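So this one's entry_26.tsv, TSV, C-alpha atoms:
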```tsv
chain	number	residue	atom	x	y	z
A	15	MET	CA	76.49	17.17	3.25
A	16	ARG	CA	77.50	19.96	0.87
A	17	LEU	CA	77.92	18.34	-2.51
A	18	ARG	CA	75.70	20.25	-4.84
A	19	GLU	CA	77.70	23.48	-5.20
A	20	GLU	CA	81.40	24.34	-4.96
A	21	LEU	CA	82.84	22.48	-1.99
A	22	PRO	CA	84.88	24.89	0.13
A	23	CYS	CA	88.17	23.65	1.55
A	24	ARG	CA	87.56	23.02	5.24
A	25	ASN	CA	88.37	20.76	8.16
A	26	GLY	CA	85.80	18.18	9.26
A	27	ASP	CA	82.97	19.69	11.26
A	28	GLY	CA	82.10	16.57	13.26
A	29	GLY	CA	79.34	15.36	10.94
A	30	ASP	CA	78.56	11.76	10.11
A	31	GLU	CA	81.11	9.36	8.67
A	32	LYS	CA	80.20	10.09	5.06
A	33	ASP	CA	80.69	13.83	5.58
A	34	GLU	CA	84.08	13.16	7.13
A	35	VAL	CA	85.14	11.05	4.14
A	36	VAL	CA	84.01	13.77	1.74
A	37	ASP	CA	85.96	16.33	3.76
A	38	GLU	CA	89.05	14.13	3.73
A	39	ILE	CA	88.89	13.70	-0.05
A	40	GLN	CA	88.29	17.40	-0.49
A	41	ASN	CA	91.23	18.29	1.72
A	42	GLN	CA	93.53	16.09	-0.37
A	43	TRP	CA	92.85	18.43	-3.25
A	44	CYS	CA	93.13	21.62	-1.20
A	45	PRO	CA	96.11	21.44	1.16
A	46	VAL	CA	95.77	25.09	2.16
A	47	LEU	CA	92.90	25.10	4.62
A	48	ASN	CA	90.90	27.91	6.18
A	49	SER	CA	92.41	30.33	3.66
A	50	GLY	CA	89.12	31.68	2.40
A	51	PHE	CA	89.58	30.18	-1.08
A	52	SER	CA	87.09	27.79	-2.67
A	53	CYS	CA	88.18	24.47	-4.15
A	54	PRO	CA	87.29	24.31	-7.87
A	55	LYS	CA	86.72	20.54	-7.89
A	56	ARG	CA	83.72	18.60	-6.68
A	57	VAL	CA	83.42	15.20	-5.11
A	58	VAL	CA	81.45	12.80	-7.32
A	59	VAL	CA	79.22	10.71	-5.05
A	60	VAL	CA	78.32	7.28	-6.45
A	61	GLY	CA	75.64	5.32	-4.63
A	62	TYR	CA	75.89	1.61	-5.35
A	63	ALA	CA	73.36	-1.20	-5.00
A	64	LEU	CA	75.16	-4.43	-5.87
A	65	THR	CA	75.08	-8.05	-4.83
A	66	SER	CA	77.74	-9.18	-2.37
A	67	LYS	CA	79.42	-11.13	-5.20
A	68	LYS	CA	79.53	-8.06	-7.44
A	69	ILE	CA	80.87	-5.88	-4.61
A	70	LYS	CA	83.71	-8.32	-4.07
A	71	SER	CA	84.65	-8.58	-7.75
A	72	PHE	CA	84.11	-4.94	-8.71
A	73	LEU	CA	84.85	-2.76	-5.69
A	74	GLN	CA	88.38	-4.02	-5.28
A	75	PRO	CA	90.85	-2.06	-3.09
A	76	LYS	CA	92.78	-0.73	-6.08
A	77	LEU	CA	89.59	0.69	-7.61
A	78	GLN	CA	88.48	2.28	-4.35
A	79	GLY	CA	91.92	3.78	-3.72
A	80	LEU	CA	92.13	5.24	-7.21
A	81	ALA	CA	88.58	6.56	-6.99
A	82	ARG	CA	89.36	8.25	-3.68
A	83	ASN	CA	92.43	9.92	-5.15
A	84	LYS	CA	90.39	11.19	-8.09
A	85	GLY	CA	87.61	12.55	-5.89
A	86	ILE	CA	85.03	9.81	-6.27
A	87	LEU	CA	83.15	8.58	-3.21
A	88	PHE	CA	81.40	5.20	-3.30
A	89	VAL	CA	78.46	4.99	-0.87
A	90	ALA	CA	76.52	1.78	-0.23
A	91	ILE	CA	72.76	2.07	-0.75
A	92	ASP	CA	70.71	0.56	2.06
A	93	ASP	CA	67.85	-1.34	0.44
A	94	ASN	CA	66.01	-1.36	3.77
A	95	ARG	CA	65.56	2.43	3.61
A	96	PRO	CA	63.74	4.55	1.01
A	97	LEU	CA	66.18	5.47	-1.75
A	98	SER	CA	65.01	9.09	-1.77
A	99	ASP	CA	66.03	9.42	1.89
A	100	GLN	CA	69.63	8.54	1.02
A	101	GLY	CA	72.35	10.55	-0.67
A	102	PRO	CA	72.41	12.98	-2.25
A	103	PHE	CA	74.01	11.06	-5.11
A	104	ASP	CA	75.44	12.20	-8.40
A	105	ILE	CA	75.33	8.69	-9.85
A	106	VAL	CA	73.53	5.49	-8.88
A	107	LEU	CA	75.32	2.31	-9.92
A	108	HIS	CA	73.26	-0.85	-9.60
A	109	LYS	CA	72.92	-4.50	-10.46
A	110	LEU	CA	70.11	-5.96	-8.41
A	111	SER	CA	67.21	-7.96	-9.78
A	112	GLY	CA	63.52	-8.15	-9.01
A	113	ARG	CA	60.41	-6.26	-10.00
A	114	GLU	CA	60.26	-4.36	-6.71
A	115	TRP	CA	63.79	-2.98	-7.12
A	116	ARG	CA	63.08	-1.94	-10.72
A	117	GLN	CA	60.05	0.00	-9.54
A	118	VAL	CA	62.06	1.67	-6.78
A	119	LEU	CA	64.61	2.83	-9.35
A	120	GLU	CA	61.99	4.03	-11.83
A	121	ASP	CA	60.27	6.06	-9.13
A	122	TYR	CA	63.62	7.48	-8.06
A	123	ARG	CA	64.48	8.49	-11.63
A	124	GLN	CA	61.19	10.35	-11.89
A	125	THR	CA	61.68	12.27	-8.64
A	126	HIS	CA	65.45	12.78	-9.03
A	127	PRO	CA	66.08	13.55	-12.72
A	128	GLU	CA	69.37	15.22	-11.78
A	129	VAL	CA	70.86	11.84	-10.74
A	130	ILE	CA	72.44	9.63	-13.40
A	131	VAL	CA	71.20	6.04	-13.02
A	132	LEU	CA	73.49	3.40	-14.54
A	133	ASP	CA	71.58	2.04	-16.30
A	134	PRO	CA	67.80	2.45	-16.86
A	135	PRO	CA	65.98	-0.61	-15.45
A	136	ASP	CA	63.79	-1.11	-18.54
A	137	ALA	CA	66.82	-1.12	-20.85
A	138	ILE	CA	68.55	-3.70	-18.67
A	139	GLN	CA	65.46	-5.88	-18.55
A	140	HIS	CA	65.29	-5.89	-22.34
A	141	ILE	CA	68.67	-7.61	-22.79
A	142	ARG	CA	68.01	-10.07	-19.97
A	143	ASN	CA	65.62	-11.83	-22.32
A	144	ARG	CA	67.55	-13.69	-25.01
A	145	GLN	CA	64.53	-13.57	-27.27
A	146	TYR	CA	65.18	-9.83	-27.74
A	147	MET	CA	68.82	-9.47	-26.62
A	148	LEU	CA	70.41	-9.58	-30.08
A	149	GLN	CA	67.61	-7.88	-32.01
A	150	ALA	CA	69.38	-4.51	-32.04
A	151	VAL	CA	72.45	-6.11	-33.64
A	152	ALA	CA	70.30	-7.87	-36.24
A	153	ASP	CA	68.46	-4.63	-37.04
A	154	MET	CA	71.75	-2.80	-37.63
A	155	ASN	CA	72.90	-5.21	-40.33
A	156	LEU	CA	76.33	-3.64	-39.93
A	157	SER	CA	78.59	-4.06	-42.94
A	158	ASP	CA	81.43	-1.82	-44.09
A	159	SER	CA	84.97	-1.99	-45.43
A	160	TYR	CA	86.19	-3.34	-42.07
A	161	GLY	CA	83.81	-6.28	-41.89
A	162	LYS	CA	80.30	-7.55	-41.35
A	163	VAL	CA	78.56	-8.09	-38.01
A	164	GLY	CA	75.50	-10.27	-37.63
A	165	VAL	CA	73.85	-12.71	-35.23
A	166	PRO	CA	73.38	-16.49	-35.50
A	167	ARG	CA	69.97	-17.71	-36.58
A	168	GLN	CA	67.99	-18.62	-33.50
A	169	LEU	CA	64.72	-20.08	-32.31
A	170	VAL	CA	62.90	-19.45	-29.02
A	171	ILE	CA	61.38	-22.47	-27.27
A	172	LYS	CA	59.13	-21.59	-24.34
A	173	ARG	CA	57.63	-24.99	-23.53
A	174	ASP	CA	57.19	-28.63	-24.60
A	175	ALA	CA	60.63	-30.11	-25.24
A	176	SER	CA	59.10	-32.99	-27.22
A	177	ALA	CA	58.12	-30.54	-29.99
A	178	ILE	CA	61.62	-29.08	-30.39
A	179	PRO	CA	62.82	-31.35	-33.26
A	180	GLU	CA	59.78	-30.49	-35.36
A	181	LEU	CA	60.10	-26.76	-34.61
A	182	VAL	CA	63.77	-26.83	-35.55
A	183	ASN	CA	62.88	-28.51	-38.85
A	184	LYS	CA	60.23	-25.93	-39.62
A	185	ALA	CA	62.62	-23.07	-38.82
A	186	GLY	CA	65.28	-24.57	-41.07
A	187	LEU	CA	68.01	-24.40	-38.43
A	188	THR	CA	71.17	-26.41	-39.04
A	189	LEU	CA	72.78	-28.65	-36.43
A	190	PRO	CA	74.69	-28.46	-34.18
A	191	LEU	CA	72.71	-26.03	-32.04
A	192	VAL	CA	73.70	-24.15	-28.90
A	193	ALA	CA	70.99	-24.10	-26.24
A	194	LYS	CA	70.93	-21.19	-23.78
A	195	PRO	CA	68.46	-20.35	-20.99
A	196	LEU	CA	65.92	-17.76	-22.12
A	197	VAL	CA	66.59	-15.52	-19.13
A	198	ALA	CA	70.07	-14.01	-18.80
A	199	ASP	CA	69.97	-12.64	-15.27
A	200	GLY	CA	73.65	-13.07	-14.40
A	201	SER	CA	73.07	-16.19	-12.32
A	202	ALA	CA	75.24	-19.29	-12.76
A	203	LYS	CA	72.31	-21.08	-14.41
A	204	SER	CA	71.88	-18.35	-17.00
A	205	HIS	CA	75.45	-18.99	-18.22
A	206	GLU	CA	74.94	-22.72	-18.71
A	207	LEU	CA	75.14	-23.93	-22.32
A	208	SER	CA	74.32	-27.17	-24.09
A	209	LEU	CA	75.47	-28.29	-27.52
A	210	ALA	CA	73.06	-30.55	-29.39
A	211	TYR	CA	74.56	-32.64	-32.20
A	212	GLU	CA	71.44	-34.35	-33.48
A	213	GLN	CA	67.69	-33.88	-33.47
A	214	TYR	CA	66.66	-36.55	-30.98
A	215	SER	CA	68.90	-35.05	-28.32
A	216	LEU	CA	66.92	-31.82	-28.59
A	217	GLN	CA	64.08	-33.44	-26.66
A	218	LYS	CA	66.35	-33.68	-23.61
A	219	LEU	CA	66.57	-29.88	-23.32
A	220	GLU	CA	64.64	-27.94	-20.69
A	221	PRO	CA	62.62	-24.95	-21.95
A	222	PRO	CA	62.35	-22.02	-21.80
A	223	LEU	CA	65.45	-21.57	-23.91
A	224	VAL	CA	66.97	-20.16	-27.07
A	225	LEU	CA	68.53	-22.34	-29.75
A	226	GLN	CA	71.32	-20.73	-31.78
A	227	GLU	CA	73.04	-22.20	-34.81
A	228	PHE	CA	76.61	-23.06	-33.85
A	229	VAL	CA	79.21	-21.21	-35.92
A	230	ASN	CA	82.74	-22.63	-36.06
A	231	HIS	CA	85.07	-19.90	-34.80
A	232	GLY	CA	88.41	-21.46	-33.97
A	233	GLY	CA	87.55	-21.97	-30.31
A	234	VAL	CA	88.13	-18.31	-29.46
A	235	LEU	CA	85.70	-15.50	-28.69
A	236	PHE	CA	86.30	-11.80	-28.18
A	237	LYS	CA	84.87	-10.11	-25.12
A	238	VAL	CA	84.29	-6.47	-25.94
A	239	TYR	CA	83.89	-4.48	-22.72
A	240	ILE	CA	82.10	-1.16	-23.07
A	241	VAL	CA	82.27	1.57	-20.41
A	242	GLY	CA	80.64	4.68	-21.81
A	243	ASP	CA	82.75	5.62	-24.84
A	244	ALA	CA	85.66	3.36	-23.83
A	245	ILE	CA	86.18	-0.07	-25.40
A	246	LYS	CA	88.49	-2.86	-24.24
A	247	VAL	CA	88.82	-6.20	-26.05
A	248	VAL	CA	90.17	-9.48	-24.62
A	249	ARG	CA	90.37	-12.99	-26.03
A	250	ARG	CA	88.76	-15.93	-24.28
A	251	PHE	CA	88.71	-19.62	-25.10
A	252	SER	CA	85.34	-20.86	-26.29
A	253	LEU	CA	83.69	-24.05	-27.56
A	254	PRO	CA	85.89	-25.96	-30.03
A	255	ASP	CA	84.97	-26.24	-33.67
A	256	VAL	CA	82.72	-29.11	-34.77
A	257	SER	CA	83.61	-31.17	-37.86
A	258	LYS	CA	81.29	-33.07	-40.18
A	259	TRP	CA	82.91	-36.28	-38.96
A	260	GLU	CA	82.05	-35.43	-35.37
A	261	LEU	CA	78.47	-34.68	-36.39
A	262	SER	CA	78.17	-38.09	-38.06
A	263	LYS	CA	79.41	-40.05	-35.03
A	264	ASP	CA	78.24	-37.92	-32.11
A	265	ALA	CA	74.62	-38.49	-31.20
A	266	GLY	CA	74.25	-36.63	-27.99
A	267	LEU	CA	73.88	-33.54	-25.90
A	268	TYR	CA	76.83	-31.94	-24.14
A	269	HIS	CA	76.48	-29.56	-21.21
A	270	PHE	CA	78.89	-26.75	-20.36
A	271	PRO	CA	78.49	-24.92	-17.01
A	272	ARG	CA	80.23	-21.79	-18.31
A	273	VAL	CA	82.32	-21.39	-21.42
A	274	SER	CA	84.18	-18.12	-20.92
A	275	CYS	CA	85.92	-17.01	-17.75
A	276	ALA	CA	89.07	-15.19	-16.63
A	277	ALA	CA	90.91	-18.46	-16.12
A	278	ALA	CA	90.33	-19.27	-19.80
A	279	SER	CA	92.13	-16.18	-21.10
A	280	ALA	CA	93.52	-16.70	-24.60
A	281	ASP	CA	95.50	-13.46	-24.80
A	282	ASP	CA	98.85	-15.16	-24.16
A	283	ALA	CA	98.12	-18.45	-25.92
A	284	ASP	CA	99.93	-19.62	-29.03
A	285	LEU	CA	97.07	-19.30	-31.50
A	286	ASP	CA	96.71	-19.32	-35.25
A	287	PRO	CA	97.06	-15.62	-36.25
A	288	ASN	CA	93.91	-15.91	-38.36
A	289	VAL	CA	91.99	-16.92	-35.23
A	290	ALA	CA	93.71	-14.61	-32.74
A	291	GLU	CA	93.54	-11.37	-34.73
A	292	LEU	CA	91.26	-8.92	-32.92
A	293	PRO	CA	88.27	-7.47	-34.78
A	294	PRO	CA	89.11	-4.13	-36.45
A	295	ARG	CA	88.95	-1.26	-33.99
A	296	PRO	CA	86.87	1.03	-36.26
A	297	LEU	CA	84.29	-1.74	-36.69
A	298	LEU	CA	84.00	-2.24	-32.92
A	299	GLU	CA	83.75	1.50	-32.28
A	300	LYS	CA	80.94	1.81	-34.80
A	301	LEU	CA	79.15	-1.21	-33.35
A	302	ALA	CA	79.51	-0.01	-29.75
A	303	LYS	CA	78.36	3.53	-30.53
A	304	GLU	CA	75.27	2.31	-32.33
A	305	LEU	CA	74.39	-0.21	-29.61
A	306	ARG	CA	74.79	2.35	-26.83
A	307	TRP	CA	72.09	4.37	-28.56
A	308	ARG	CA	69.83	1.46	-29.55
A	309	LEU	CA	70.03	-0.33	-26.18
A	310	GLY	CA	70.10	2.79	-23.99
A	311	LEU	CA	72.99	1.30	-22.00
A	312	ARG	CA	76.47	2.51	-21.09
A	313	LEU	CA	77.78	-0.52	-19.16
A	314	PHE	CA	77.77	-3.80	-21.07
A	315	ASN	CA	79.90	-6.23	-22.99
A	316	LEU	CA	79.56	-8.20	-26.20
A	317	ASP	CA	80.64	-11.76	-26.88
A	318	ILE	CA	81.83	-11.78	-30.49
A	319	ILE	CA	83.14	-14.61	-32.67
A	320	ARG	CA	84.77	-14.64	-36.09
A	321	GLU	CA	83.42	-17.23	-38.51
A	322	CYS	CA	86.08	-19.81	-39.29
A	323	GLY	CA	87.57	-19.42	-42.76
A	324	THR	CA	86.81	-15.69	-42.92
A	325	ARG	CA	88.74	-12.66	-41.76
A	326	ASP	CA	85.94	-10.14	-41.50
A	327	HIS	CA	82.65	-11.95	-40.78
A	328	PHE	CA	81.68	-11.63	-37.13
A	329	TYR	CA	78.74	-12.69	-34.98
A	330	VAL	CA	77.51	-11.24	-31.70
A	331	ILE	CA	76.36	-14.21	-29.66
A	332	ASP	CA	75.63	-12.62	-26.26
A	333	ILE	CA	75.25	-9.25	-24.54
A	334	ASN	CA	75.71	-8.80	-20.79
A	335	TYR	CA	74.84	-5.80	-18.63
A	336	PHE	CA	77.44	-4.65	-16.08
A	337	PRO	CA	79.70	-7.66	-16.71
A	338	GLY	CA	82.72	-8.75	-14.68
A	339	TYR	CA	84.77	-5.61	-15.17
A	340	GLY	CA	87.23	-6.85	-12.56
A	341	LYS	CA	88.50	-9.25	-15.26
A	342	MET	CA	89.08	-6.38	-17.70
A	343	PRO	CA	92.68	-5.09	-17.86
A	344	GLU	CA	93.04	-1.55	-16.45
A	345	TYR	CA	89.39	-1.44	-15.50
A	346	GLU	CA	90.13	0.77	-12.48
A	347	HIS	CA	91.41	3.67	-14.62
A	348	ILE	CA	88.78	3.24	-17.34
A	349	PHE	CA	85.89	3.11	-14.87
A	350	THR	CA	87.00	6.01	-12.67
A	351	ASP	CA	87.59	8.20	-15.74
A	352	PHE	CA	84.08	7.31	-16.91
A	353	LEU	CA	82.49	8.22	-13.56
A	354	LEU	CA	84.39	11.50	-13.43
A	355	SER	CA	83.29	12.44	-16.94
A	356	LEU	CA	79.65	11.78	-16.01
A	357	GLY	CA	79.85	13.66	-12.74
A	358	HIS	CA	81.68	16.69	-14.08
A	359	GLY	CA	79.61	16.73	-17.26
A	360	LYS	CA	76.48	16.93	-15.14
A	361	TYR	CA	77.74	20.04	-13.33
A	362	LYS	CA	78.77	21.70	-16.58
A	363	LYS	CA	75.23	21.28	-17.89
A	364	LYS	CA	73.86	22.70	-14.67
A	365	SER	CA	76.08	25.78	-14.77
A	366	GLY	CA	75.87	26.24	-18.56
```

For the file at hand, write its structure as structure tokens.
Amino acid sequence: MRLREELPCRNGDGGDEKDEVVDEIQNQWCPVLNSGFSCPKRVVVVGYALTSKKIKSFLQPKLQGLARNKGILFVAIDDNRPLSDQGPFDIVLHKLSGREWRQVLEDYRQTHPEVIVLDPPDAIQHIRNRQYMLQAVADMNLSDSYGKVGVPRQLVIKRDASAIPELVNKAGLTLPLVAKPLVADGSAKSHELSLAYEQYSLQKLEPPLVLQEFVNHGGVLFKVYIVGDAIKVVRRFSLPDVSKWELSKDAGLYHFPRVSCAAASADDADLDPNVAELPPRPLLEKLAKELRWRLGLRLFNLDIIRECGTRDHFYVIDINYFPGYGKMPEYEHIFTDFLLSLGHGKYKKKSG
């Protein structure tokens, strides 16, 4: 398959199915065939290794059709064959888990430095552990004329639920507390939350987990989707605020299977303007740019809340790698533009 240099305009030569698809895409750009002229554009070949659930939600027909029209070819990676025997790829897009797969990707990156891997396995692994996930945000201590961005105080509990009340006391954390699984691997379990109103209920939790101080935020969070340099923000309903009266009467532990989802969109809801106002764009751009560098990631989203009673005090409460982009408005255009910029930028470097 001729993908590494200028692709001449030609009819299919009877190769395998992938070659025929590349030819068909190429011919859409060059309607004058067999004329002796070379086509100036190149097909960007994206190998993908995704779960069946992610394929269904991400590789939707509209995305694939738009990608095809723009000269992007998505090719499924066969995990039963050596990765180096497949391709050649310009970009590898992945979201599989497991130590063996991470090693396969690391080896591939070493032997194929010309291929862009989205994203590096070690960087992804770092934010899958909630003990370290928010450290980059905390280290930034971002504060400017547009606002302040921090993280809730938190405590990691790896074992022995009976010791949690004492550990919370020693750490000086204030109730209520949000309990989250320590590992954020994208599974349904990793999205489960519990809200603990009083100390005795903490013993009912199941370590390993992270305890975060709950911050009242008007029941709305902002999902900030990041695709390379592009940013898209949507509102989602979240946990409701907790009053002092509720704390005094509620002695218990409440479980939530998943707080934020597409069905809970708050973009069209009749909300208090002080709650609904999106975080300032310059603040988000600064935050995203710095996190791209600190995390070494280009595909992630941030869950951000605004502290109730303030206009410009925000908290990042979660970071997710390769989130549900299918729920992001206009994701097809944003993502295909991103892939094209990577693919074409790679060739410019090569020819520069």

At a cut-off of 10 Å, can you tabulate as CSV every residue of range 87-182 of chain A near range 188-197 of chain A together with its closest atom pair and the distance in Å to one decimal, using all atoms listed in the file and ordering rows by chain then number?
```
residue,atom,partner,partner_atom,distance
A:Gln139,CA,A:Val197,CA,9.7
A:Ile141,CA,A:Val197,CA,9.0
A:Arg142,CA,A:Val197,CA,5.7
A:Asn143,CA,A:Val197,CA,5.0
A:Arg144,CA,A:Leu196,CA,5.3
A:Gln145,CA,A:Leu196,CA,6.8
A:Tyr146,CA,A:Leu196,CA,9.7
A:Met147,CA,A:Leu196,CA,9.9
A:Arg167,CA,A:Thr188,CA,9.1
A:Gln168,CA,A:Leu191,CA,8.9
A:Leu169,CA,A:Ala193,CA,9.6
A:Val170,CA,A:Leu196,CA,7.7
A:Ile171,CA,A:Leu196,CA,8.3
A:Lys172,CA,A:Leu196,CA,8.1
A:Val182,CA,A:Thr188,CA,8.2
```

* Structure fact -> In terms of all atoms listed in the file, the residue from A:Leu87, A:Val238, A:Val58, A:Leu132 at minimal distance from Gly310 in chain A is A:Leu132

* **Top pick for closest residue to Val59 in chain A, considering A:His347, A:His358, A:Lys237, A:Arg308 and counting all atoms listed in the file** => A:His358

* Which residue of A:Lys67, A:Lys184, A:Arg173, A:Arg325 approaches Gln217 in chain A most closely, using all atoms listed in the file ->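 Nearest to Gln217 in chain A: A:Arg173.
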
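The space separating CA of Ser252 in chain A from CA of Asp153 in chain A comes to 25.8 Å.
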
* Rounded to one decimal place, report the CA of Asp104 in chain A-CA of Ala302 in chain A distance in Å. => 24.9 Å

* Step by step: start from the point (64.5, -0.3, -11.0) in the file's coordinates, keep every protein, DNA or RNA residue that has an atom no farther than 10 Å from it, count all atoms listed in the file, and write the set as an MDAnalysis selection string. => chainID A and resid 108:123 131 133:136 138:139

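What separates CA of Ile105 in chain A from CA of Gly61 in chain A is a distance of 6.2 Å.
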
* Ala210 in chain A: which residues within 10 Å, counting only C-alpha atoms, same-chain residues fewer than 4 positions away excluded, as a PyMOL selection string? -> chain A and resi 189-193+214-219+225+227-228+261+264-269

* To do: Would you please work out which residue, of A:Phe88, A:Phe270, A:Tyr62, A:Phe328, is nearest to Gly161 in chain A when using only C-alpha atoms?
  =>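 Using only C-alpha atoms, the shortest distance to Gly161 in chain A belongs to A:Phe328.
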
* Hey, what's within 10 Å of Lys68 in chain A if we count all atoms listed in the file and toss same-chain stuff fewer than 2 positions away? As a list in words, please? -> Ala63, Leu64, Thr65, Ser66, Lys70, Ser71, Phe72, Leu73, Gln74, His108, Lys109, Leu110, Phe336, Pro337, Gly338, Tyr339 and Gly340 of chain A

Could the residues in this selection be saved with C-alpha atoms as a PDB file, in the frame of the given file?
```pdb
ATOM      1  CA  ALA A  63      73.360  -1.200  -5.000  1.00  0.00           C
ATOM      2  CA  LEU A  64      75.160  -4.430  -5.870  1.00  0.00           C
ATOM      3  CA  THR A  65      75.080  -8.050  -4.830  1.00  0.00           C
ATOM      4  CA  SER A  66      77.740  -9.180  -2.370  1.00  0.00           C
ATOM      5  CA  LYS A  70      83.710  -8.320  -4.070  1.00  0.00           C
ATOM      6  CA  SER A  71      84.650  -8.580  -7.750  1.00  0.00           C
ATOM      7  CA  PHE A  72      84.110  -4.940  -8.710  1.00  0.00           C
ATOM      8  CA  LEU A  73      84.850  -2.760  -5.690  1.00  0.00           C
ATOM      9  CA  GLN A  74      88.380  -4.020  -5.280  1.00  0.00           C
ATOM     10  CA  HIS A 108      73.260  -0.850  -9.600  1.00  0.00           C
ATOM     11  CA  LYS A 109      72.920  -4.500 -10.460  1.00  0.00           C
ATOM     12  CA  LEU A 110      70.110  -5.960  -8.410  1.00  0.00           C
ATOM     13  CA  PHE A 336      77.440  -4.650 -16.080  1.00  0.00           C
ATOM     14  CA  PRO A 337      79.700  -7.660 -16.710  1.00  0.00           C
ATOM     15  CA  GLY A 338      82.720  -8.750 -14.680  1.00  0.00           C
ATOM     16  CA  TYR A 339      84.770  -5.610 -15.170  1.00  0.00           C
ATOM     17  CA  GLY A 340      87.230  -6.850 -12.560  1.00  0.00           C
TER      18      GLY A 340
END
```

Which centre and edge lengths in Å to one decimal define the box along x, y and z that fits every listed atom of range 138-157 of chain A plus 5 Å per side, as JSON?
```
{"center_x": 71.6, "center_y": -8.2, "center_z": -30.7, "size_x": 24.1, "size_y": 20.9, "size_z": 34.4}
```

* To do: Considering only C-alpha atoms, return as a ChimeraX atom specification whatever protein or nucleic-acid residues lie within 8 Å of Tyr160 in chain A, sequence-local ones (same chain, fewer than 6 positions apart) excluded.
  => /A:294,296-297,326

* Find the residues near His231 in chain A: any atom within 6 Å, counting all atoms listed in the file, skip ones fewer than 3 places away on the same chain, and give them as a VMD selection string. => chain A and resid 320 to 322

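Nearest residue to Asn334 in chain A, choosing from A:Ile348, A:Val289, A:Leu223, A:Ala137 and counting all atoms listed in the file: A:Ala137.
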
* Would you please work out which residue, of A:Leu285, A:Ile333, A:Tyr211, A:Gly323, is nearest to Leu309 in chain A when using only C-alpha atoms? => A:Ile333
